[in-house]
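Source file structure.txt; content: compact mmCIF, C-alpha atoms and all ligand atoms.
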# COMPACT_ATOMS: atom_id res chain seq x y z
CA MET A 1 0.00 0.00 0.00
CA THR A 2 1.40 3.38 -1.02
CA VAL A 3 -1.11 5.69 0.67
CA GLU A 4 -0.34 6.92 4.17
CA LEU A 5 -2.97 8.55 6.37
CA ARG A 6 -1.78 11.12 8.90
CA PRO A 7 -3.97 12.84 11.47
CA VAL A 8 -4.35 16.57 11.04
CA PRO A 9 -3.38 18.31 14.29
CA GLY A 10 -6.38 19.69 16.15
CA ASP A 11 -9.01 17.48 14.47
CA PRO A 12 -8.84 13.81 15.50
CA ASP A 13 -11.22 12.62 12.77
CA LEU A 14 -9.48 14.36 9.88
CA LEU A 15 -6.64 12.59 8.06
CA GLU A 16 -4.31 13.73 5.34
CA ALA A 17 -3.70 11.19 2.57
CA LYS A 18 -0.18 11.15 1.16
CA VAL A 19 1.67 9.12 -1.43
CA HIS A 20 5.46 9.42 -1.02
CA ASP A 21 4.94 12.69 0.87
CA VAL A 22 2.74 14.16 -1.85
CA GLU A 23 -0.69 15.08 -0.56
CA ILE A 24 -3.40 13.44 -2.67
CA GLY A 25 -6.44 14.25 -0.56
CA ALA A 26 -8.08 14.06 2.82
CA VAL A 27 -10.33 11.67 4.69
CA ARG A 28 -12.79 12.14 7.51
CA LEU A 29 -13.33 9.02 9.56
CA GLU A 30 -15.64 8.68 12.56
CA VAL A 31 -16.12 5.33 14.25
CA THR A 32 -19.12 4.97 16.56
CA GLY A 33 -20.59 1.70 17.84
CA GLY A 34 -18.98 -0.50 15.19
CA LEU A 35 -19.94 1.76 12.30
CA ALA A 36 -17.26 3.74 10.47
CA ARG A 37 -18.58 6.74 8.62
CA MET A 38 -16.06 7.94 6.12
CA ALA A 39 -15.89 10.78 3.65
CA ALA A 40 -13.02 11.66 1.38
CA GLN A 41 -11.81 14.08 -1.18
CA VAL A 42 -9.05 13.72 -3.73
CA ASP A 43 -6.81 16.58 -4.85
CA PRO A 44 -5.35 16.88 -8.32
CA ALA A 45 -1.85 15.77 -7.30
CA PRO A 46 0.69 15.33 -10.09
CA GLY A 47 1.14 11.68 -11.03
CA LEU A 48 -2.07 10.62 -9.29
CA GLU A 49 -3.25 7.20 -10.49
CA SER A 50 -6.52 5.36 -10.05
CA GLN A 51 -4.73 2.73 -7.94
CA ASP A 52 -3.87 5.49 -5.43
CA ILE A 53 -7.57 6.11 -4.96
CA VAL A 54 -8.23 2.42 -4.35
CA ASP A 55 -5.35 2.41 -1.83
CA LEU A 56 -6.78 5.47 -0.12
CA VAL A 57 -10.09 3.68 0.41
CA LEU A 58 -8.35 0.52 1.64
CA ALA A 59 -6.09 2.47 4.02
CA THR A 60 -9.14 4.19 5.50
CA VAL A 61 -10.96 0.90 5.92
CA THR A 62 -7.92 -0.66 7.62
CA ARG A 63 -7.79 2.25 10.03
CA ALA A 64 -11.54 1.96 10.68
CA LYS A 65 -11.14 -1.73 11.51
CA LYS A 66 -8.31 -0.96 13.94
CA GLY A 67 -10.66 1.55 15.54
CA GLY A 68 -13.19 -1.21 16.20
CA ALA A 69 -15.52 -0.82 13.23
CA THR A 70 -17.28 -3.81 11.70
CA ASP A 71 -19.23 -1.88 9.05
CA VAL A 72 -18.36 1.04 6.87
CA GLU A 73 -20.48 3.73 5.27
CA PHE A 74 -18.87 5.92 2.65
CA HIS A 75 -20.37 9.36 2.05
CA CYS A 76 -19.12 10.67 -1.24
CA GLU A 77 -20.22 12.25 -4.50
CA SER A 78 -16.95 11.89 -6.39
CA LEU A 79 -17.34 9.31 -9.13
CA LEU A 80 -13.67 8.38 -8.92
CA LEU A 81 -13.82 7.67 -5.18
CA ARG A 82 -17.11 5.82 -5.50
CA HIS A 83 -15.70 3.74 -8.31
CA ALA A 84 -12.65 2.84 -6.20
CA ALA A 85 -14.90 2.00 -3.24
CA ARG A 86 -17.06 -0.25 -5.41
CA GLN A 87 -13.93 -1.95 -6.73
CA VAL A 88 -12.91 -3.05 -3.24
CA GLY A 89 -16.37 -4.27 -2.31
CA LEU A 90 -18.56 -1.41 -1.12
CA GLY A 91 -21.94 -1.28 -2.77
CA GLY A 92 -25.21 0.60 -3.01
CA ALA A 93 -27.53 2.46 -5.29
CA LEU A 94 -26.85 5.72 -7.13
CA ARG A 95 -26.62 8.94 -5.05
CA VAL A 96 -26.63 7.23 -1.65
CA PRO A 97 -23.72 6.37 0.66
CA LEU A 98 -21.97 3.09 -0.18
CA ARG A 99 -21.82 0.41 2.48
CA ALA A 100 -20.12 -2.87 3.32
CA ARG A 101 -19.15 -5.14 6.17
CA ILE A 102 -15.48 -4.48 6.75
CA ASP A 103 -14.55 -8.16 6.63
CA ASP A 104 -15.98 -8.38 3.10
CA ILE A 105 -13.82 -5.57 1.77
CA GLY A 106 -10.84 -6.23 -0.45
CA ARG A 107 -11.33 -9.99 -0.66
CA ARG A 108 -12.10 -10.08 -4.35
CA THR A 109 -13.07 -7.70 -7.10
CA PRO A 110 -16.85 -7.56 -7.09
CA ALA A 111 -18.72 -8.20 -10.30
CA GLY A 112 -19.60 -5.12 -12.22
CA THR A 113 -16.54 -3.05 -11.41
CA THR A 114 -13.99 -4.26 -13.92
CA LEU A 115 -14.63 -4.54 -17.61
CA ARG A 116 -15.27 -8.15 -18.53
CA GLY A 117 -15.56 -9.92 -21.85
CA SER A 118 -13.24 -10.95 -24.63
CA ASP A 119 -15.05 -9.15 -27.44
CA GLN A 120 -17.04 -6.00 -27.86
CA ARG A 121 -20.39 -7.79 -27.74
CA GLU A 122 -19.57 -9.44 -24.43
CA ARG A 123 -18.27 -6.19 -23.01
CA THR A 124 -21.44 -4.40 -24.08
CA SER A 125 -23.47 -7.09 -22.32
CA TRP A 126 -21.30 -6.65 -19.23
CA LEU A 127 -21.92 -2.90 -19.23
CA SER A 128 -25.64 -3.37 -19.66
CA ALA A 129 -25.80 -5.95 -16.84
CA THR A 130 -23.79 -3.63 -14.58
CA LEU A 131 -26.16 -0.75 -15.27
CA ASN A 132 -29.05 -3.03 -14.40
CA GLU A 133 -27.36 -3.81 -11.04
CA LEU A 134 -27.14 -0.08 -10.42
CA GLY A 135 -30.88 0.24 -10.98
CA VAL A 136 -30.86 1.43 -14.59
CA ALA A 137 -32.60 -0.89 -17.04
CA SER A 138 -30.75 -1.10 -20.32
CA THR A 139 -30.08 -3.50 -23.18
CA PRO A 140 -27.05 -3.90 -25.45
CA ALA A 141 -27.58 -1.90 -28.64
CA ARG A 142 -27.90 -3.93 -31.81
CA PRO A 143 -25.01 -2.79 -33.94
CA SER A 144 -27.13 -1.70 -36.86
CA ARG A 145 -25.05 -0.36 -39.68
CA SER A 146 -26.55 3.11 -39.68
CA LEU A 147 -26.19 3.47 -35.92
CA ARG A 148 -22.57 2.36 -36.04
CA ARG A 149 -21.82 4.79 -38.86
CA LEU A 150 -23.44 7.58 -36.88
CA ALA A 151 -21.57 6.58 -33.72
CA THR A 152 -18.24 6.47 -35.52
CA ARG A 153 -18.82 9.78 -37.18
CA LEU A 154 -19.73 11.50 -33.93
CA SER A 155 -17.58 9.70 -31.42
CA GLY A 156 -14.87 12.33 -31.58
CA GLY A 157 -12.04 9.89 -32.15
CA VAL A 158 -12.45 7.67 -29.11
CA GLY A 159 -12.28 4.52 -31.21
CA ASP A 160 -14.62 1.58 -30.62
CA THR A 161 -17.59 2.15 -28.39
CA LEU A 162 -19.95 0.12 -26.23
CA ASP A 163 -23.53 1.13 -26.97
CA VAL A 164 -26.50 0.49 -24.72
CA VAL A 165 -30.17 1.37 -25.16
CA VAL A 166 -32.28 2.77 -22.35
CA GLU A 167 -36.07 2.62 -22.61
CA TRP A 168 -37.41 5.54 -20.58
CA ALA A 169 -41.10 5.04 -21.48
CA PRO A 170 -42.82 2.23 -23.39
CA GLY A 171 -41.37 2.21 -26.91
CA ARG A 172 -39.23 5.31 -26.35
CA THR A 173 -35.49 4.98 -26.08
CA PHE A 174 -32.13 6.68 -26.22
CA THR A 175 -28.66 5.25 -26.79
CA ILE A 176 -25.57 5.82 -24.66
CA SER A 177 -22.24 5.28 -26.31
CA VAL A 178 -19.07 4.97 -24.21
CA PRO A 179 -15.51 4.26 -25.26
CA ASP A 180 -14.54 0.59 -25.17
CA ARG A 181 -11.79 0.93 -22.58
CA PRO A 182 -10.77 -1.14 -19.54
CA ASP A 183 -11.06 1.79 -17.11
CA ILE A 184 -14.77 2.38 -17.59
CA MET A 185 -16.69 3.67 -14.54
CA PRO A 186 -20.18 2.21 -14.95
CA GLU A 187 -21.66 4.51 -12.31
CA GLY A 188 -21.01 7.55 -14.54
CA VAL A 189 -22.92 5.84 -17.34
CA ALA A 190 -25.71 4.85 -14.95
CA LEU A 191 -26.11 8.40 -13.59
CA THR A 192 -26.25 9.75 -17.13
CA ALA A 193 -28.92 7.24 -18.10
CA ASP A 194 -30.89 7.82 -14.92
CA THR A 195 -30.94 11.62 -15.20
CA THR A 196 -31.69 11.53 -18.93
CA ALA A 197 -34.60 9.12 -18.44
CA ALA A 198 -35.99 11.27 -15.62
CA VAL A 199 -35.70 14.49 -17.64
CA PHE A 200 -37.36 12.83 -20.66
CA ARG A 201 -40.25 11.55 -18.55
CA ARG A 202 -40.77 15.14 -17.43
CA PHE A 203 -40.45 16.57 -20.98
CA PRO A 204 -41.71 13.76 -23.25
CA ASP A 205 -42.61 16.11 -26.11
CA GLN A 206 -39.01 17.29 -26.43
CA ALA A 207 -37.32 13.94 -25.77
CA ASN A 208 -36.73 13.11 -29.42
CA ALA A 209 -34.24 15.97 -29.51
CA ALA A 210 -31.64 13.78 -27.81
CA LYS A 211 -31.72 10.21 -29.05
CA ALA A 212 -28.02 9.53 -28.50
CA ILE A 213 -25.53 10.45 -25.81
CA HIS A 214 -21.87 10.18 -26.73
CA PHE A 215 -18.95 10.25 -24.35
CA ASP A 216 -16.32 12.09 -26.33
CA LYS A 217 -12.70 13.02 -26.11
CA ALA A 218 -11.96 15.05 -23.01
CA GLU A 219 -10.98 18.19 -24.94
CA HIS A 220 -14.55 18.55 -26.12
CA GLY A 221 -15.70 18.02 -22.57
CA LEU A 222 -17.49 20.65 -20.66
CA LYS A 223 -17.14 23.63 -22.92
CA SER A 224 -20.71 22.79 -23.40
CA GLY A 225 -21.92 25.97 -25.00
CA ARG A 226 -20.23 24.89 -28.18
CA TYR A 227 -22.57 21.97 -28.44
CA ALA A 228 -25.64 24.08 -28.81
CA GLY A 229 -24.67 23.92 -32.48
CA VAL A 230 -24.86 20.14 -32.42
CA ALA A 231 -28.44 20.44 -31.21
CA GLN A 232 -29.68 20.49 -34.80
CA LEU A 233 -32.73 18.34 -35.07
CA SER A 234 -31.01 16.30 -37.80
CA VAL A 235 -28.39 15.22 -35.25
CA PRO A 236 -30.32 14.68 -32.03
CA SER A 237 -27.40 13.92 -29.75
CA ILE A 238 -25.43 15.30 -26.87
CA HIS A 239 -21.72 14.98 -26.20
CA LEU A 240 -20.13 14.62 -22.78
CA THR A 241 -16.54 14.34 -21.71
CA ILE A 242 -15.17 10.81 -21.30
CA GLY A 243 -13.82 12.06 -17.96
CA PHE A 244 -17.21 11.12 -16.51
CA VAL A 245 -16.87 7.47 -17.49
CA THR A 246 -13.16 6.58 -17.44
CA THR A 247 -10.74 6.83 -14.54
CA GLU A 248 -7.79 8.04 -16.64
CA PHE A 249 -9.70 10.97 -18.08
CA PHE A 250 -11.45 11.72 -14.81
CA ILE A 251 -8.04 12.25 -13.22
CA GLN A 252 -6.96 14.31 -16.22
CA MET A 253 -10.11 16.41 -15.93
CA MET A 254 -9.27 17.17 -12.28
CA GLN A 255 -5.95 18.75 -13.21
CA PRO A 256 -6.27 22.56 -13.31
CA ARG A 257 -4.47 22.76 -16.65
CA SER A 258 -6.98 20.68 -18.55
CA THR A 259 -10.22 21.76 -16.91
CA GLY A 260 -10.27 25.34 -18.20
CA THR A 261 -12.52 28.12 -17.03
CA PRO A 262 -16.00 27.17 -18.27
CA ARG A 263 -16.29 24.20 -15.96
CA SER A 264 -14.88 25.82 -12.86
CA SER A 265 -17.29 28.74 -13.15
CA SER A 266 -20.40 26.69 -13.85
CA ALA A 267 -22.90 25.95 -11.09
CA ARG A 268 -22.34 23.06 -8.68
CA PRO A 269 -25.36 20.90 -7.98
CA SER A 270 -26.71 20.21 -4.48
CA SER A 271 -25.82 16.89 -2.89
CA PRO A 272 -26.66 14.06 -3.60
CA TYR A 273 -26.57 15.15 -7.25
CA THR A 274 -23.21 14.74 -8.91
CA ALA A 275 -21.29 16.69 -11.52
CA VAL A 276 -22.49 14.18 -14.12
CA ASP A 277 -26.15 14.74 -13.25
CA ALA A 278 -25.56 18.48 -13.47
CA THR A 279 -23.83 18.43 -16.84
CA VAL A 280 -26.39 16.04 -18.31
CA ALA A 281 -29.23 18.29 -17.15
CA HIS A 282 -27.47 21.35 -18.60
CA GLU A 283 -26.89 19.72 -22.00
CA LEU A 284 -30.39 18.25 -22.16
CA TRP A 285 -31.88 21.68 -21.55
CA HIS A 286 -30.12 23.00 -24.66
CA GLN A 287 -31.87 20.23 -26.64
CA ILE A 288 -35.24 20.72 -24.94
CA GLU A 289 -35.13 24.47 -25.45
CA SER A 290 -34.22 24.24 -29.12
CA ALA A 291 -36.96 21.63 -29.61
CA PHE A 292 -39.74 23.75 -28.12
CA GLU A 293 -38.46 26.95 -29.71
CA ALA A 294 -38.49 25.27 -33.12
CA ARG A 295 -42.25 24.86 -32.67
CA HIS A 296 -43.15 27.83 -30.48
CA TYR A 297 -40.52 30.51 -30.75
CA ALA A 298 -42.57 32.95 -28.66
CA LEU A 299 -42.45 30.58 -25.70
CA GLY A 300 -38.68 30.94 -25.41
CA MET A 301 -38.93 34.72 -25.61
CA GLU A 302 -41.61 34.76 -22.95
CA LEU A 303 -39.49 32.57 -20.69
CA ARG A 304 -36.51 34.94 -21.03
CA HIS A 305 -38.80 37.94 -20.48
CA GLN A 306 -40.26 36.47 -17.28
CA VAL A 307 -36.86 35.43 -15.91
CA GLY A 308 -35.67 38.97 -16.70
CA LEU A 309 -38.59 40.45 -14.72
CA GLU A 310 -37.57 38.34 -11.73
CA LEU A 311 -34.11 39.94 -12.02
CA GLY A 312 -35.58 43.45 -12.39
CA VAL A 313 -34.97 43.83 -16.16
CA GLN A 314 -37.11 43.32 -19.27
CA THR A 315 -35.39 40.15 -20.46
CA LEU A 316 -32.63 37.74 -19.53
CA GLU A 317 -30.55 39.17 -22.40
CA HIS A 318 -30.26 42.45 -20.45
CA ALA A 319 -28.97 40.57 -17.42
CA VAL A 320 -26.21 38.82 -19.40
CA LYS A 321 -25.16 42.18 -20.89
CA GLY A 322 -24.88 43.74 -17.45
CA ALA A 323 -21.08 43.68 -17.46
CA SER A 324 -20.89 46.01 -20.46
CA PRO A 325 -19.73 49.59 -19.81
CA LYS A 326 -23.01 50.79 -21.37
CA ALA A 327 -25.15 48.73 -18.99
CA THR A 328 -27.71 50.55 -16.85
CA PRO A 329 -27.64 50.08 -13.07
CA ALA A 330 -30.63 47.69 -13.38
CA TRP A 331 -28.78 45.55 -15.95
CA GLN A 332 -25.69 45.52 -13.73
CA SER A 333 -27.63 44.43 -10.70
CA ALA A 334 -29.41 41.70 -12.72
CA TYR A 335 -26.00 40.52 -13.95
CA ARG A 336 -24.69 40.31 -10.40
CA ARG A 337 -27.72 38.31 -9.27
CA LEU A 338 -27.38 35.91 -12.20
CA ALA A 339 -23.70 35.33 -11.39
CA ALA A 340 -24.34 34.93 -7.66
CA GLU A 341 -27.60 32.97 -7.65
CA VAL A 342 -26.81 30.81 -10.69
CA SER A 343 -23.17 30.90 -11.82
CA PRO A 344 -20.60 33.10 -13.55
CA TYR A 345 -20.96 30.78 -16.54
CA ALA A 346 -24.67 31.66 -16.72
CA THR A 347 -23.67 35.22 -17.70
CA THR A 348 -22.07 33.94 -20.95
CA ASN A 349 -25.32 34.38 -22.92
CA ALA A 350 -29.05 33.77 -22.48
CA ARG A 351 -28.85 30.14 -23.67
CA GLU A 352 -26.16 29.24 -21.16
CA ALA A 353 -28.17 31.10 -18.53
CA THR A 354 -31.28 28.98 -19.06
CA ALA A 355 -29.20 25.77 -19.22
CA GLU A 356 -27.54 26.69 -15.91
CA LEU A 357 -30.92 27.64 -14.40
CA PHE A 358 -32.38 24.32 -15.49
CA LYS A 359 -29.40 22.42 -14.09
CA LEU A 360 -29.84 24.00 -10.65
CA TRP A 361 -33.60 23.56 -10.74
CA TRP A 362 -33.34 19.91 -11.73
CA CYS A 363 -30.51 19.07 -9.32
CA ARG A 364 -32.06 20.84 -6.34
CA ASN A 365 -32.25 19.61 -2.79
CA GLY A 366 -33.99 22.09 -0.54
CA PRO A 367 -35.14 25.57 -1.54
CA PRO A 368 -33.22 26.92 -4.54
CA ALA A 369 -32.11 30.55 -5.04
CA PRO A 370 -35.03 32.91 -5.90
CA VAL A 371 -34.29 33.17 -9.63
CA VAL A 372 -33.91 29.38 -9.89
CA ALA A 373 -37.22 28.87 -8.09
CA ARG A 374 -38.91 31.36 -10.43
CA PHE A 375 -37.42 29.63 -13.47
CA GLY A 376 -38.83 26.31 -12.24
CA GLU A 377 -42.29 27.84 -11.76
CA LEU A 378 -42.20 29.26 -15.27
CA VAL A 379 -41.11 25.96 -16.81
CA ASP A 380 -43.93 24.18 -14.98
CA GLN A 381 -46.43 26.74 -16.32
CA MET A 382 -45.14 26.83 -19.89
CA LEU A 383 -44.25 23.14 -20.29
CA PRO A 384 -46.55 21.36 -17.84
CA PRO A 385 -45.79 17.71 -17.03
CA LYS A 386 -47.39 15.23 -19.44
CA THR A 387 -47.71 11.49 -19.85
CA PRO A 388 -45.30 10.16 -22.47
CA THR A 389 -46.83 8.72 -25.62
CA ALA A 390 -45.00 6.19 -27.76
ZN ZN A 401 -24.24 24.98 -22.36
What is this structure when it is put down as structure tokens?
Amino acid sequence: MTVELRPVPGDPDLLEAKVHDVEIGAVRLEVTGGLARMAAQVDPAPGLESQDIVDLVLATVTRAKKGGATDVEFHCESLLLRHAARQVGLGGALRVPLRARIDDIGRRTPAGTTLRGSDQRERTSWLSATLNELGVASTPARPSRSLRRLATRLSGGVGDTLDVVVEWAPGRTFTISVPDRPDIMPEGVALTADTTAAVFRRFPDQANAAKAIHFDKAEHGLKSGRYAGVAQLSVPSIHLTIGFVTTEFFIQMMQPRSTGTPRSSSARPSSPYTAVDATVAHELWHQIESAFEARHYALGMELRHQVGLELGVQTLEHAVKGASPKATPAWQSAYRRLAAEVSPYATTNAREATAELFKLWWCRNGPPAPVVARFGELVDQMLPPKTPTA
């Protein structure tokens, strides 16, 4: 084991995690009555590898056992940490703490955490079965020639893919395409499928605007505004960074150099929602908005007008222009509210603003900020919930 845990002076439950004297993160560990409650965070240390994360979890569990624990409960939203915890034997559904009996940890690699299968078809079946274990019903996609051509054309150079189909309502489906790599994190795929299915059930009339979800090369990643252009109805797909579904690119995405500004300034979702849920919701909103605007352009204008009124201006466009030297005091104040209550990224333009508003409304836990709450009310009025039809 390479990871060392050292107590932080002044806080007996807080431990620093180091590999060869390089800090890679921190752990909080509390043992009460046989139960160890642990939480952890990983820092973007140079040279960090996915095995270090596994070792961090194992080192924490070993310490918990020495402290008298028989069971462990891991509170964490990081996909990388959850993936490592699942690899050593913790388990549980999406968006809840993972659990295990300590004596069961580390004995063997549990099913559904390491890519299995000697050919692409078997590996696709493995992925589908693993998603099913995580509570997301899916089937391996039939490699129809047109689908494969489309996948290859759009996959952004990630090579072969594993494609699964998710049926979110009777007869209505979408495809998720992930790179065929050994470091796949199925939970990232499952969260994507789960959030997409939930959003589609809420907006069934717009669901055809995203029939395929592709995990792309990391460079394309989260500069998501660029993909509004891909939201043409002839190409109903969204693209997400492969950092959400592979350990290597997740670690790369954590490094400050490769993340870039758009991601760091976009809104963080409330726990238990994860960064994947948030990005999926954001991207889906771009598709939903372009789908309803294609049919009812005035609806989009009215939505921006009403959100603007909430911010004290005539339309959301005035709020996003509030940083301009020509902006009136009302525009400036609307801009500041948008940045503070939603995110700095929301001030990019009105489309990014509504996508960020939707993300925070969808991934809410407890009362959202006033402008987010108002946005949600408006969406419920303008696009009331409906029953999906095949
Ligand atoms: Zn966007």
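Nearest to ligand ZN 401 (chain A) of all the residues A:Met185, A:Leu29, A:Val96, A:Leu357 is A:Leu357, based on all atoms listed in the file.
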message: So that I can see what lies close to A:Ala355, please list as an MDAnalysis selection string the residues with an atom at most 12 Å from it, counting all atoms listed in the file and leaving out residues fewer than 4 positions away in the same chain.
response: chainID A and resid 224:225 227:228 266:267 278:290 304 342:343 345:351 359:362 372 375:376
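Minimum distance to ligand ZN 401 (chain A) across A:Arg107, A:Arg121, A:Arg364, A:His239 (counting only C-alpha atoms and all ligand atoms) occurs at A:His239.
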- prompt: Pick from A:Ala69, A:Met254, A:Ala85, A:Ala353: nearest to A:Asp55, with only C-alpha atoms counted?
  reply: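 Closest to A:Asp55 of all the choices is A:Ala85.
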query: Excluding same-chain residues fewer than 2 positions from A:Glu302, what lies within 12 Å of it counting all atoms listed in the file, as a ChimeraX atom specification?
result: /A:293,296-300,304-309,314-317,375,378-379,381-382
query: atom CA of A:Asp277 to atom CA of A:Gly243: how many Å, to one decimal?
result: 13.5 Å
